[in-house]
file my_file38.cif (mmCIF, N, CA and C atoms)
data_my_file
loop_
_atom_site.label_atom_id
_atom_site.label_comp_id
_atom_site.auth_asym_id
_atom_site.auth_seq_id
_atom_site.Cartn_x
_atom_site.Cartn_y
_atom_site.Cartn_z
N MET A 867 0.83 -1.16 0.00
CA MET A 867 0.00 0.00 0.00
C MET A 867 0.89 1.24 0.00
N GLN A 868 0.60 2.16 -0.88
CA GLN A 868 1.38 3.38 -0.98
C GLN A 868 0.85 4.42 0.00
N ALA A 869 1.75 5.05 0.74
CA ALA A 869 1.36 6.07 1.70
C ALA A 869 0.99 7.37 0.99
N LEU A 870 0.02 8.08 1.54
CA LEU A 870 -0.33 9.38 1.01
C LEU A 870 0.69 10.39 1.53
N ASN A 871 1.17 11.23 0.66
CA ASN A 871 2.14 12.25 1.08
C ASN A 871 1.38 13.55 1.27
N LEU A 872 0.83 13.74 2.48
CA LEU A 872 0.03 14.91 2.80
C LEU A 872 0.77 15.82 3.77
N THR A 873 0.59 17.12 3.59
CA THR A 873 1.08 18.04 4.60
C THR A 873 0.15 17.93 5.81
N ALA A 874 0.57 18.51 6.93
CA ALA A 874 -0.28 18.48 8.13
C ALA A 874 -1.61 19.17 7.87
N GLU A 875 -1.59 20.27 7.14
CA GLU A 875 -2.83 21.00 6.85
C GLU A 875 -3.74 20.21 5.90
N GLU A 876 -3.16 19.53 4.92
CA GLU A 876 -3.96 18.71 4.00
C GLU A 876 -4.60 17.55 4.75
N PHE A 877 -3.82 16.92 5.64
CA PHE A 877 -4.36 15.83 6.45
C PHE A 877 -5.50 16.33 7.32
N ALA A 878 -5.30 17.47 7.99
CA ALA A 878 -6.33 18.03 8.88
C ALA A 878 -7.61 18.33 8.10
N ALA A 879 -7.49 18.92 6.93
CA ALA A 879 -8.67 19.25 6.12
C ALA A 879 -9.41 17.98 5.72
N LEU A 880 -8.68 16.95 5.31
CA LEU A 880 -9.30 15.68 4.92
C LEU A 880 -9.98 15.01 6.11
N ALA A 881 -9.30 15.00 7.25
CA ALA A 881 -9.86 14.38 8.46
C ALA A 881 -11.13 15.10 8.90
N MET A 882 -11.12 16.41 8.87
CA MET A 882 -12.29 17.18 9.31
C MET A 882 -13.51 16.95 8.41
N GLN A 883 -13.27 16.59 7.15
CA GLN A 883 -14.38 16.25 6.25
C GLN A 883 -15.03 14.94 6.64
N ARG A 884 -14.26 14.04 7.25
CA ARG A 884 -14.74 12.68 7.52
C ARG A 884 -15.11 12.40 8.98
N LEU A 885 -14.68 13.25 9.88
CA LEU A 885 -14.95 13.05 11.30
C LEU A 885 -16.23 13.76 11.70
N ARG A 886 -16.78 13.34 12.84
CA ARG A 886 -17.93 14.03 13.42
C ARG A 886 -17.46 15.37 13.97
N ALA A 887 -18.25 16.40 13.77
CA ALA A 887 -17.91 17.71 14.31
C ALA A 887 -18.22 17.80 15.80
N GLU A 888 -19.17 17.01 16.28
CA GLU A 888 -19.58 17.01 17.68
C GLU A 888 -19.44 15.59 18.23
N PRO A 889 -19.20 15.45 19.54
CA PRO A 889 -19.11 14.10 20.11
C PRO A 889 -20.45 13.38 20.00
N PRO A 890 -20.42 12.05 19.84
CA PRO A 890 -21.67 11.30 19.76
C PRO A 890 -22.44 11.38 21.07
N ALA A 891 -23.74 11.64 20.96
CA ALA A 891 -24.60 11.72 22.14
C ALA A 891 -25.03 10.33 22.56
N LEU A 892 -25.42 10.19 23.82
CA LEU A 892 -25.98 8.93 24.29
C LEU A 892 -27.19 8.58 23.43
N GLY A 893 -27.29 7.33 23.03
CA GLY A 893 -28.43 6.87 22.26
C GLY A 893 -28.44 7.35 20.82
N ASP A 894 -27.35 7.91 20.36
CA ASP A 894 -27.25 8.42 18.99
C ASP A 894 -27.39 7.24 18.03
N VAL A 895 -28.55 7.11 17.39
CA VAL A 895 -28.79 5.94 16.54
C VAL A 895 -27.96 5.98 15.27
N ILE A 896 -27.55 7.15 14.85
CA ILE A 896 -26.70 7.24 13.66
C ILE A 896 -25.34 6.63 13.97
N ALA A 897 -24.87 6.86 15.17
CA ALA A 897 -23.56 6.37 15.58
C ALA A 897 -23.71 5.31 16.66
N ARG A 898 -24.44 4.26 16.36
CA ARG A 898 -24.61 3.19 17.34
C ARG A 898 -23.24 2.80 17.87
N PRO A 899 -23.06 2.90 19.17
CA PRO A 899 -21.73 2.60 19.71
C PRO A 899 -21.27 1.20 19.33
N ARG A 900 -20.09 1.16 18.80
CA ARG A 900 -19.44 -0.11 18.55
C ARG A 900 -18.88 -0.55 19.90
N GLY A 901 -18.44 -1.78 19.96
CA GLY A 901 -17.86 -2.19 21.23
C GLY A 901 -17.37 -3.61 21.23
N ASP A 902 -16.91 -4.02 22.42
CA ASP A 902 -16.40 -5.37 22.60
C ASP A 902 -17.47 -6.40 22.23
N HIS A 903 -18.75 -6.05 22.40
CA HIS A 903 -19.85 -6.97 22.08
C HIS A 903 -19.89 -7.32 20.59
N ASP A 904 -19.33 -6.47 19.75
CA ASP A 904 -19.29 -6.73 18.30
C ASP A 904 -18.25 -7.78 17.92
N HIS A 905 -17.35 -8.10 18.81
CA HIS A 905 -16.22 -8.96 18.49
C HIS A 905 -16.28 -10.32 19.17
N GLN A 906 -17.45 -10.75 19.52
CA GLN A 906 -17.62 -12.04 20.19
C GLN A 906 -17.94 -13.12 19.17
N PRO A 907 -17.53 -14.36 19.42
CA PRO A 907 -17.81 -15.44 18.47
C PRO A 907 -19.32 -15.66 18.27
N ARG A 908 -20.09 -15.44 19.32
CA ARG A 908 -21.55 -15.54 19.22
C ARG A 908 -22.12 -14.17 19.55
N PRO A 909 -23.16 -13.77 18.85
CA PRO A 909 -23.74 -12.44 19.14
C PRO A 909 -24.19 -12.32 20.59
N ILE A 910 -23.86 -11.19 21.19
CA ILE A 910 -24.34 -10.90 22.54
C ILE A 910 -25.00 -9.53 22.52
N LYS A 911 -25.85 -9.31 23.49
CA LYS A 911 -26.55 -8.04 23.59
C LYS A 911 -25.55 -6.94 23.97
N PRO A 912 -25.63 -5.78 23.31
CA PRO A 912 -24.74 -4.69 23.70
C PRO A 912 -25.00 -4.25 25.13
N PRO A 913 -23.98 -3.77 25.84
CA PRO A 913 -24.18 -3.27 27.19
C PRO A 913 -25.11 -2.06 27.18
N ASP A 914 -25.68 -1.75 28.32
CA ASP A 914 -26.53 -0.58 28.48
C ASP A 914 -25.65 0.67 28.40
N GLU A 915 -25.80 1.38 27.33
CA GLU A 915 -24.97 2.57 27.10
C GLU A 915 -25.17 3.61 28.20
N THR A 916 -26.37 3.74 28.70
CA THR A 916 -26.66 4.76 29.71
C THR A 916 -26.04 4.43 31.08
N ALA A 917 -25.70 3.17 31.30
CA ALA A 917 -25.08 2.76 32.56
C ALA A 917 -23.55 2.77 32.47
N ALA A 918 -23.01 2.96 31.28
CA ALA A 918 -21.56 2.92 31.10
C ALA A 918 -20.90 4.16 31.69
N VAL A 919 -19.66 4.00 32.12
CA VAL A 919 -18.86 5.09 32.66
C VAL A 919 -18.31 5.92 31.49
N PRO A 920 -18.59 7.22 31.46
CA PRO A 920 -18.07 8.05 30.35
C PRO A 920 -16.55 8.16 30.40
N ALA A 921 -15.94 8.03 29.24
CA ALA A 921 -14.49 8.14 29.11
C ALA A 921 -14.17 8.75 27.75
N ALA A 922 -12.93 9.19 27.60
CA ALA A 922 -12.48 9.73 26.31
C ALA A 922 -11.01 9.39 26.12
N VAL A 923 -10.62 9.25 24.87
CA VAL A 923 -9.22 9.03 24.52
C VAL A 923 -8.83 10.03 23.44
N LEU A 924 -7.54 10.31 23.38
CA LEU A 924 -7.00 11.17 22.34
C LEU A 924 -6.35 10.29 21.29
N ILE A 925 -6.85 10.36 20.08
CA ILE A 925 -6.18 9.70 18.96
C ILE A 925 -5.30 10.78 18.33
N GLY A 926 -4.08 10.84 18.83
CA GLY A 926 -3.15 11.87 18.38
C GLY A 926 -2.52 11.50 17.05
N ILE A 927 -2.61 12.41 16.11
CA ILE A 927 -1.96 12.24 14.81
C ILE A 927 -0.79 13.21 14.78
N VAL A 928 0.40 12.67 14.66
CA VAL A 928 1.61 13.47 14.71
C VAL A 928 2.14 13.68 13.30
N PRO A 929 2.25 14.94 12.85
CA PRO A 929 2.82 15.18 11.51
C PRO A 929 4.32 14.92 11.53
N ARG A 930 4.77 14.12 10.61
CA ARG A 930 6.20 13.82 10.48
C ARG A 930 6.58 13.95 9.01
N PRO A 931 7.84 14.15 8.70
CA PRO A 931 8.25 14.29 7.30
C PRO A 931 7.83 13.10 6.43
N GLU A 932 7.82 11.90 7.02
CA GLU A 932 7.44 10.70 6.24
C GLU A 932 5.94 10.49 6.18
N GLY A 933 5.19 11.34 6.85
CA GLY A 933 3.73 11.24 6.84
C GLY A 933 3.18 11.20 8.25
N PRO A 934 1.86 11.36 8.38
CA PRO A 934 1.23 11.36 9.70
C PRO A 934 1.38 10.01 10.40
N THR A 935 1.61 10.06 11.71
CA THR A 935 1.69 8.84 12.51
C THR A 935 0.73 8.95 13.69
N VAL A 936 0.35 7.80 14.25
CA VAL A 936 -0.58 7.76 15.38
C VAL A 936 0.19 7.66 16.68
N LEU A 937 -0.23 8.44 17.67
CA LEU A 937 0.40 8.46 18.98
C LEU A 937 -0.23 7.40 19.87
N LEU A 938 0.58 6.47 20.35
CA LEU A 938 0.13 5.42 21.27
C LEU A 938 1.00 5.44 22.51
N THR A 939 0.47 4.92 23.60
CA THR A 939 1.24 4.79 24.83
C THR A 939 1.26 3.32 25.24
N GLN A 940 2.20 2.96 26.10
CA GLN A 940 2.16 1.64 26.72
C GLN A 940 1.98 1.86 28.21
N ARG A 941 0.89 1.28 28.72
CA ARG A 941 0.58 1.46 30.14
C ARG A 941 1.59 0.69 30.99
N ALA A 942 1.85 1.21 32.16
CA ALA A 942 2.82 0.58 33.07
C ALA A 942 2.36 -0.83 33.45
N ALA A 943 3.31 -1.73 33.57
CA ALA A 943 3.01 -3.12 33.92
C ALA A 943 2.49 -3.24 35.35
N SER A 944 2.77 -2.25 36.17
CA SER A 944 2.36 -2.30 37.58
C SER A 944 0.94 -1.82 37.84
N LEU A 945 0.26 -1.32 36.83
CA LEU A 945 -1.10 -0.81 37.04
C LEU A 945 -2.06 -1.94 37.36
N ARG A 946 -3.08 -1.60 38.15
CA ARG A 946 -4.08 -2.58 38.59
C ARG A 946 -4.97 -3.04 37.43
N SER A 947 -5.31 -2.12 36.55
CA SER A 947 -6.15 -2.51 35.41
C SER A 947 -5.49 -2.09 34.10
N HIS A 948 -5.70 -2.87 33.10
CA HIS A 948 -5.18 -2.63 31.75
C HIS A 948 -3.64 -2.53 31.74
N SER A 949 -2.98 -3.25 32.64
CA SER A 949 -1.52 -3.14 32.74
C SER A 949 -0.84 -3.61 31.46
N ALA A 950 0.20 -2.89 31.10
CA ALA A 950 1.09 -3.16 29.95
C ALA A 950 0.39 -3.08 28.59
N GLN A 951 -0.83 -2.62 28.56
CA GLN A 951 -1.52 -2.51 27.27
C GLN A 951 -1.01 -1.32 26.47
N VAL A 952 -1.02 -1.49 25.15
CA VAL A 952 -0.77 -0.37 24.25
C VAL A 952 -2.10 0.32 24.06
N ALA A 953 -2.12 1.64 24.22
CA ALA A 953 -3.40 2.34 24.25
C ALA A 953 -3.25 3.78 23.77
N PHE A 954 -4.39 4.39 23.53
CA PHE A 954 -4.43 5.83 23.32
C PHE A 954 -4.43 6.47 24.71
N PRO A 955 -3.82 7.64 24.87
CA PRO A 955 -3.94 8.30 26.17
C PRO A 955 -5.39 8.69 26.41
N GLY A 956 -5.85 8.49 27.62
CA GLY A 956 -7.23 8.82 27.93
C GLY A 956 -7.69 8.16 29.20
N GLY A 957 -8.95 8.40 29.54
CA GLY A 957 -9.49 7.81 30.75
C GLY A 957 -10.88 8.31 31.06
N ARG A 958 -11.27 8.08 32.28
CA ARG A 958 -12.61 8.40 32.77
C ARG A 958 -12.83 9.92 32.76
N VAL A 959 -14.06 10.31 32.40
CA VAL A 959 -14.45 11.71 32.44
C VAL A 959 -14.63 12.13 33.90
N ASP A 960 -13.94 13.18 34.31
CA ASP A 960 -14.12 13.74 35.65
C ASP A 960 -15.29 14.72 35.62
N ALA A 961 -15.95 14.88 36.75
CA ALA A 961 -17.12 15.76 36.83
C ALA A 961 -16.81 17.19 36.39
N VAL A 962 -15.59 17.65 36.58
CA VAL A 962 -15.22 19.02 36.23
C VAL A 962 -14.81 19.18 34.76
N ASP A 963 -14.68 18.07 34.03
CA ASP A 963 -14.18 18.15 32.65
C ASP A 963 -15.14 18.89 31.72
N GLY A 964 -16.39 18.50 31.71
CA GLY A 964 -17.36 19.19 30.88
C GLY A 964 -17.47 18.71 29.44
N SER A 965 -16.47 18.04 28.92
CA SER A 965 -16.55 17.53 27.55
C SER A 965 -15.49 16.45 27.33
N PRO A 966 -15.72 15.59 26.32
CA PRO A 966 -14.70 14.58 26.01
C PRO A 966 -13.37 15.20 25.58
N VAL A 967 -13.41 16.38 24.97
CA VAL A 967 -12.16 17.03 24.56
C VAL A 967 -11.33 17.37 25.79
N VAL A 968 -11.95 17.97 26.79
CA VAL A 968 -11.23 18.33 28.01
C VAL A 968 -10.66 17.08 28.67
N THR A 969 -11.45 16.02 28.72
CA THR A 969 -10.97 14.76 29.31
C THR A 969 -9.77 14.23 28.55
N ALA A 970 -9.88 14.12 27.23
CA ALA A 970 -8.79 13.56 26.42
C ALA A 970 -7.52 14.39 26.56
N LEU A 971 -7.65 15.71 26.55
CA LEU A 971 -6.47 16.57 26.66
C LEU A 971 -5.87 16.52 28.06
N ARG A 972 -6.72 16.48 29.09
CA ARG A 972 -6.23 16.38 30.47
C ARG A 972 -5.47 15.08 30.66
N GLU A 973 -6.06 13.98 30.20
CA GLU A 973 -5.43 12.67 30.35
C GLU A 973 -4.12 12.59 29.57
N ALA A 974 -4.07 13.14 28.36
CA ALA A 974 -2.83 13.11 27.57
C ALA A 974 -1.74 13.92 28.26
N GLU A 975 -2.14 15.03 28.87
CA GLU A 975 -1.16 15.83 29.60
C GLU A 975 -0.65 15.07 30.82
N GLU A 976 -1.56 14.43 31.56
CA GLU A 976 -1.17 13.67 32.75
C GLU A 976 -0.32 12.45 32.40
N GLU A 977 -0.72 11.73 31.35
CA GLU A 977 -0.08 10.45 31.03
C GLU A 977 1.24 10.59 30.29
N ILE A 978 1.30 11.52 29.34
CA ILE A 978 2.52 11.60 28.51
C ILE A 978 3.14 12.98 28.46
N GLY A 979 2.58 13.93 29.23
CA GLY A 979 3.16 15.27 29.28
C GLY A 979 2.89 16.11 28.04
N LEU A 980 1.87 15.79 27.27
CA LEU A 980 1.54 16.56 26.07
C LEU A 980 0.76 17.81 26.47
N PRO A 981 1.35 18.99 26.30
CA PRO A 981 0.64 20.21 26.70
C PRO A 981 -0.64 20.41 25.87
N ARG A 982 -1.72 20.75 26.54
CA ARG A 982 -3.02 20.93 25.88
C ARG A 982 -2.95 21.95 24.75
N GLU A 983 -2.17 23.00 24.95
CA GLU A 983 -2.11 24.05 23.94
C GLU A 983 -1.37 23.62 22.67
N ARG A 984 -0.74 22.45 22.70
CA ARG A 984 -0.04 21.93 21.51
C ARG A 984 -0.95 21.05 20.65
N VAL A 985 -2.20 20.87 21.09
CA VAL A 985 -3.12 19.95 20.40
C VAL A 985 -4.18 20.74 19.65
N ARG A 986 -4.41 20.35 18.42
CA ARG A 986 -5.50 20.90 17.61
C ARG A 986 -6.49 19.77 17.39
N THR A 987 -7.69 19.91 17.91
CA THR A 987 -8.68 18.84 17.73
C THR A 987 -9.34 18.99 16.37
N LEU A 988 -9.57 17.84 15.72
CA LEU A 988 -10.14 17.82 14.38
C LEU A 988 -11.57 17.31 14.36
N GLY A 989 -11.93 16.46 15.34
CA GLY A 989 -13.27 15.91 15.38
C GLY A 989 -13.31 14.67 16.24
N PHE A 990 -14.39 13.89 16.04
CA PHE A 990 -14.66 12.73 16.89
C PHE A 990 -15.00 11.51 16.06
N LEU A 991 -14.69 10.34 16.60
CA LEU A 991 -15.16 9.08 16.05
C LEU A 991 -16.38 8.64 16.85
N ASP A 992 -17.07 7.61 16.38
CA ASP A 992 -18.20 7.06 17.11
C ASP A 992 -17.76 6.52 18.46
N ALA A 993 -18.68 6.51 19.41
CA ALA A 993 -18.39 5.98 20.74
C ALA A 993 -18.13 4.48 20.68
N TYR A 994 -17.42 3.99 21.68
CA TYR A 994 -17.08 2.57 21.78
C TYR A 994 -17.43 2.09 23.19
N LEU A 995 -18.19 1.00 23.29
CA LEU A 995 -18.55 0.42 24.59
C LEU A 995 -17.62 -0.75 24.90
N THR A 996 -17.01 -0.71 26.08
CA THR A 996 -16.11 -1.80 26.45
C THR A 996 -16.83 -2.83 27.31
N GLY A 997 -16.27 -4.00 27.34
CA GLY A 997 -16.81 -5.06 28.18
C GLY A 997 -16.63 -4.79 29.66
N THR A 998 -15.77 -3.81 29.98
CA THR A 998 -15.53 -3.46 31.38
C THR A 998 -16.40 -2.28 31.83
N GLY A 999 -17.35 -1.87 30.97
CA GLY A 999 -18.33 -0.89 31.39
C GLY A 999 -18.04 0.57 31.10
N TYR A 1000 -17.18 0.84 30.12
CA TYR A 1000 -16.87 2.22 29.75
C TYR A 1000 -17.48 2.55 28.39
N ARG A 1001 -17.87 3.79 28.21
CA ARG A 1001 -18.31 4.33 26.92
C ARG A 1001 -17.25 5.36 26.54
N ILE A 1002 -16.42 5.01 25.58
CA ILE A 1002 -15.26 5.82 25.21
C ILE A 1002 -15.58 6.65 23.97
N VAL A 1003 -15.32 7.95 24.06
CA VAL A 1003 -15.45 8.83 22.91
C VAL A 1003 -14.03 9.15 22.43
N PRO A 1004 -13.69 8.71 21.21
CA PRO A 1004 -12.37 9.03 20.65
C PRO A 1004 -12.34 10.45 20.08
N VAL A 1005 -11.38 11.24 20.54
CA VAL A 1005 -11.16 12.61 20.07
C VAL A 1005 -9.93 12.58 19.18
N VAL A 1006 -10.06 13.04 17.95
CA VAL A 1006 -8.93 13.06 17.01
C VAL A 1006 -8.33 14.47 17.00
#

call {"tool": "encode", "arguments": {"input": "my_file38.cif", "output": "structure tokens"}}
result
Amino acid sequence: MQALNLTAEEFAALAMQRLRAEPPALGDVIARPRGDHDHQPRPIKPPDETAAVPAAVLIGIVPRPEGPTVLLTQRAASLRSHSAQVAFPGGRVDAVDGSPVVTALREAEEEIGLPRERVRTLGFLDAYLTGTGYRIVPVV
């Protein structure tokens, strides 16, 4: 597969055409939350979206001379949950956050030291329901 040779601005413009401008709302039938339930050998009922813990992750796209790359982290092996997993920076929405963007940027700053003012948000992907009870909104 040949890589697209896009500038950061060309990539941003293309991404903004394809991403949601607003985060997916609870019960958004257009963006039925995908989730762990979709990946089971036998169909299972999706979890109750309204009972899920709100969370957000930052899908960071880093412009590099060879093309855009995705920012991932590896969680510490000593953590109680999700230890040693490769993941997007993110986590549970705090009551003071007010939006998935604030959560994703706060978590990225806490986890990897990425200053919030260095991030330009482009949009959102559909929500994802985990088997562990989280409803994750990906912020690009």

call {"tool": "closest_atom_pairs", "arguments": {"input": "my_file38.cif", "of": "region 875-948 of chain A", "to": "region 954-964 of chain A", "cutoff": "8 Å", "atoms": "all atoms listed in the file", "output": "JSON lines"}}
result
{"residue": "A:Val919", "atom": "C", "partner": "A:Val959", "partner_atom": "N", "distance": 6.2}
{"residue": "A:Pro920", "atom": "C", "partner": "A:Val959", "partner_atom": "N", "distance": 3.9}
{"residue": "A:Ala921", "atom": "CA", "partner": "A:Val959", "partner_atom": "N", "distance": 4.0}
{"residue": "A:Ala922", "atom": "C", "partner": "A:Gly957", "partner_atom": "N", "distance": 4.1}
{"residue": "A:Val923", "atom": "CA", "partner": "A:Gly956", "partner_atom": "CA", "distance": 4.0}
{"residue": "A:Leu924", "atom": "N", "partner": "A:Pro955", "partner_atom": "C", "distance": 4.1}
{"residue": "A:Ile925", "atom": "N", "partner": "A:Phe954", "partner_atom": "CA", "distance": 6.1}
{"residue": "A:Gly926", "atom": "N", "partner": "A:Phe954", "partner_atom": "CA", "distance": 6.7}
{"residue": "A:Leu937", "atom": "C", "partner": "A:Phe954", "partner_atom": "CA", "distance": 5.7}
{"residue": "A:Leu938", "atom": "CA", "partner": "A:Phe954", "partner_atom": "CA", "distance": 5.0}
{"residue": "A:Thr939", "atom": "N", "partner": "A:Phe954", "partner_atom": "N", "distance": 4.9}
{"residue": "A:Gln940", "atom": "N", "partner": "A:Phe954", "partner_atom": "N", "distance": 7.2}

call {"tool": "select_by_dssp", "arguments": {"input": "my_file38.cif", "residues": "region 891-975 of chain A", "states": "strand (DSSP E)", "output": "VMD selection string"}}
result
chain A and resid 900 to 901 919 to 924 926 to 928 935 to 937 939 to 940 952 to 953 956 to 958

call {"tool": "closest_residue", "arguments": {"input": "my_file38.cif", "among": "A:Ala887, A:Arg946, A:Gln951, A:Glu876", "to": "Phe990 (chain A)", "atoms": "only C-alpha atoms"}}
result
A:Ala887

call {"tool": "select_by_dssp", "arguments": {"input": "my_file38.cif", "residues": "chain A", "states": "alpha helix (DSSP H)", "output": "list in words"}}
result
Ala874, Glu875, Glu876, Phe877, Ala878, Ala879, Leu880, Ala881, Met882, Gln883, Arg884, Pro966, Val967, Val968, Thr969, Ala970, Leu971, Arg972, Glu973, Ala974, Glu975, Glu976, Glu977 and Ile978 of chain A

call {"tool": "resolve_selection", "arguments": {"input": "my_file38.cif", "expression": "the PyMOL selection byres ((chain A and resi 972-988) around 6.5)", "output": "CSV table (one decimal) with N, CA and C atoms, in the coordinates of the input"}}
result
chain,number,residue,atom,x,y,z
A,881,ALA,N,-9.3,15.0,7.2
A,881,ALA,CA,-9.9,14.4,8.5
A,881,ALA,C,-11.1,15.1,8.9
A,882,MET,N,-11.1,16.4,8.9
A,882,MET,CA,-12.3,17.2,9.3
A,882,MET,C,-13.5,17.0,8.4
A,885,LEU,N,-14.7,13.2,9.9
A,885,LEU,CA,-15.0,13.0,11.3
A,885,LEU,C,-16.2,13.8,11.7
A,886,ARG,N,-16.8,13.3,12.8
A,886,ARG,CA,-17.9,14.0,13.4
A,886,ARG,C,-17.5,15.4,14.0
A,887,ALA,N,-18.2,16.4,13.8
A,887,ALA,CA,-17.9,17.7,14.3
A,887,ALA,C,-18.2,17.8,15.8
A,955,PRO,N,-3.8,7.6,24.9
A,955,PRO,CA,-3.9,8.3,26.2
A,955,PRO,C,-5.4,8.7,26.4
A,956,GLY,N,-5.8,8.5,27.6
A,956,GLY,CA,-7.2,8.8,27.9
A,956,GLY,C,-7.7,8.2,29.2
A,957,GLY,N,-9.0,8.4,29.5
A,957,GLY,CA,-9.5,7.8,30.8
A,957,GLY,C,-10.9,8.3,31.1
A,967,VAL,N,-13.4,16.4,25.0
A,967,VAL,CA,-12.2,17.0,24.6
A,967,VAL,C,-11.3,17.4,25.8
A,968,VAL,N,-12.0,18.0,26.8
A,968,VAL,CA,-11.2,18.3,28.0
A,968,VAL,C,-10.7,17.1,28.7
A,969,THR,N,-11.4,16.0,28.7
A,969,THR,CA,-11.0,14.8,29.3
A,969,THR,C,-9.8,14.2,28.6
A,970,ALA,N,-9.9,14.1,27.2
A,970,ALA,CA,-8.8,13.6,26.4
A,970,ALA,C,-7.5,14.4,26.6
A,971,LEU,N,-7.6,15.7,26.6
A,971,LEU,CA,-6.5,16.6,26.7
A,971,LEU,C,-5.9,16.5,28.1
A,989,GLY,N,-11.9,16.5,15.3
A,989,GLY,CA,-13.3,15.9,15.4
A,989,GLY,C,-13.3,14.7,16.2
A,990,PHE,N,-14.4,13.9,16.0
A,990,PHE,CA,-14.7,12.7,16.9
A,990,PHE,C,-15.0,11.5,16.1
A,1005,VAL,N,-11.4,11.2,20.5
A,1005,VAL,CA,-11.2,12.6,20.1
A,1005,VAL,C,-9.9,12.6,19.2
A,1006,VAL,N,-10.1,13.0,18.0
A,1006,VAL,CA,-8.9,13.1,17.0
A,1006,VAL,C,-8.3,14.5,17.0

call {"tool": "closest_residue", "arguments": {"input": "my_file38.cif", "among": "A:Gln883, A:Asp894, A:Pro889, A:Arg900", "to": "Thr996 (chain A)", "atoms": "only N, CA and C atoms"}}
result
A:Arg900

call {"tool": "resolve_selection", "arguments": {"input": "my_file38.cif", "expression": "the PyMOL selection byres ((chain A and resi 941) around 7)", "output": "list in words"}}
result
Thr939, Gln940, Ala942, Ala943, Ser944, Leu945, His948, Ser949, Ala950, Gln951, Val952 and Ala953 of chain A

call {"tool": "closest_residue", "arguments": {"input": "my_file38.cif", "among": "A:Val1003, A:His903, A:Gly997, A:Leu872", "to": "Gly933 (chain A)", "atoms": "only C-alpha atoms"}}
result
A:Leu872

call {"tool": "atom_distance", "arguments": {"input": "my_file38.cif", "atom1": "CA of Pro929 (chain A)", "atom2": "CA of Leu991 (chain A)"}}
result
19.5 Å

call {"tool": "closest_residue", "arguments": {"input": "my_file38.cif", "among": "A:Asn871, A:Ser965, A:Thr998, A:Thr916", "to": "Thr935 (chain A)", "atoms": "only C-alpha atoms"}}
result
A:Asn871

call {"tool": "residues_around", "arguments": {"input": "my_file38.cif", "residues": "Ala917 (chain A)", "least_positions_apart": "3", "cutoff": "8 Å", "atoms": "all atoms listed in the file", "output": "list of chain:residue names"}}
result
A:Pro913, A:Asp914, A:Pro920, A:Gly999, A:Tyr1000, A:Arg1001

call {"tool": "closest_residue", "arguments": {"input": "my_file38.cif", "among": "A:Gln906, A:Ile1002, A:Pro934, A:Lys911", "to": "Leu892 (chain A)", "atoms": "only C-alpha atoms"}}
result
A:Ile1002

call {"tool": "atom_distance", "arguments": {"input": "my_file38.cif", "atom1": "atom N of Gly901 (chain A)", "atom2": "atom C of Tyr994 (chain A)"}}
result
5.1 Å
